[in-house]
Structure formats: C-alpha cells, structure tokens
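**Q** Dropping the structure in here first, questions after.
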Amino acid sequence: MSGVKRKRNVLNVKQKLEILQKLDNGESASTDREAVLNEGNTISLSAALQSVETLLDYMGQTGFDYGDITAVSKISVDIRQEMNKQQKQRLITDILKQ
C-alpha cells in the first residue's frame with residue numbers, strides 16, 4: 001500500500017478540554033474520543049437500513065450463499081431494533097417534557 005495516505009483524525013483544543021473535564025469528573029472518556037471524531041462521519045439509521053436492504057436485494061439476485069444472506073439480514077434486524085429503541089426513547093422524553 002505504498003503511496004496511500006491515511007487521513008489522521010485529530011482532536012481540536014476544545015474537544016480535548018471537554019474530554020479532560022470528563023476525566024476530572026470521574027467519567028470515562030474512552031468512547032468520547034471516537035464519538036467526537038466520528039461526528040461528521042455518521043449516517044442515519046434509516047440510510048444504513050436502506051443500504052443493507054439494497055445489499056440484500058443484490059445478494060438475492062446474484063445467488064449469494066444462504067449463510068451470507070442470513071448474516072446481512074441479522075444486520076437489518078439489528079438496525080430496525082435500534083431505530084425502535086431510539087423512537088421509544090424519544091416518545092418517553094416527549095411525554096416527560098409535558
């Protein structure tokens with residue numbers, strides 16, 4: 001892979017300070033760094049689900065192995081469950097705000 005440049009993700013000063021403050025308060029910051037770095041690189045669950053469903057359609061048309069299709073179907077189920085969980089959390093939050 002010579003000649004391939006890898007993009008470095010670097011935290012800015014504000015992001016570093018936020019993580020240090022959390023550490024000072026006894027909170028864990030191990031996942032905070034990844035969350036901050038991936039802020040602009042995330043896609044919505046609905047977009048992920050659409051991509052997985054498109055992949056499943058393709059796999060079905062091209063004769064992929066049943067085990068592979070099952071594995072991708074599991075990803076689809078996981079995404080739907082996460083979407084439902086987030087929707088329930090939003091509903092609870094909305095009810096509590098009233």
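By order in the structure tokens, chains are A, B, ...; within a chain, residues start at 1; ligands start at 1, following the order shown.
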Near stretch 46-57 of chain A, counting only C-alpha atoms, which residues have an atom at most 7 Å away, once you skip same-chain residues fewer than 5 positions from it, shown as a list of chain:residue names?
**A**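 The residues satisfying every condition are A:Ile69, A:Val72, A:Ser76, A:Ile79.
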**Q** Contacts of A:Asp68 at 10 Å or less, counting only C-alpha atoms, minus same-chain residues fewer than 5 places along, as a PDB file with C-alpha atoms, in the first residue's frame?
**A**
```pdb
ATOM      1  CA  LEU A  56     -29.871  -7.929   0.458  1.00  0.00           C
ATOM      2  CA  MET A  59     -27.344 -10.737  -2.807  1.00  0.00           C
ATOM      3  CA  SER A  73     -30.426  -9.986   7.364  1.00  0.00           C
ATOM      4  CA  LYS A  74     -29.332 -10.042  11.010  1.00  0.00           C
TER       5      LYS A  74
END
```
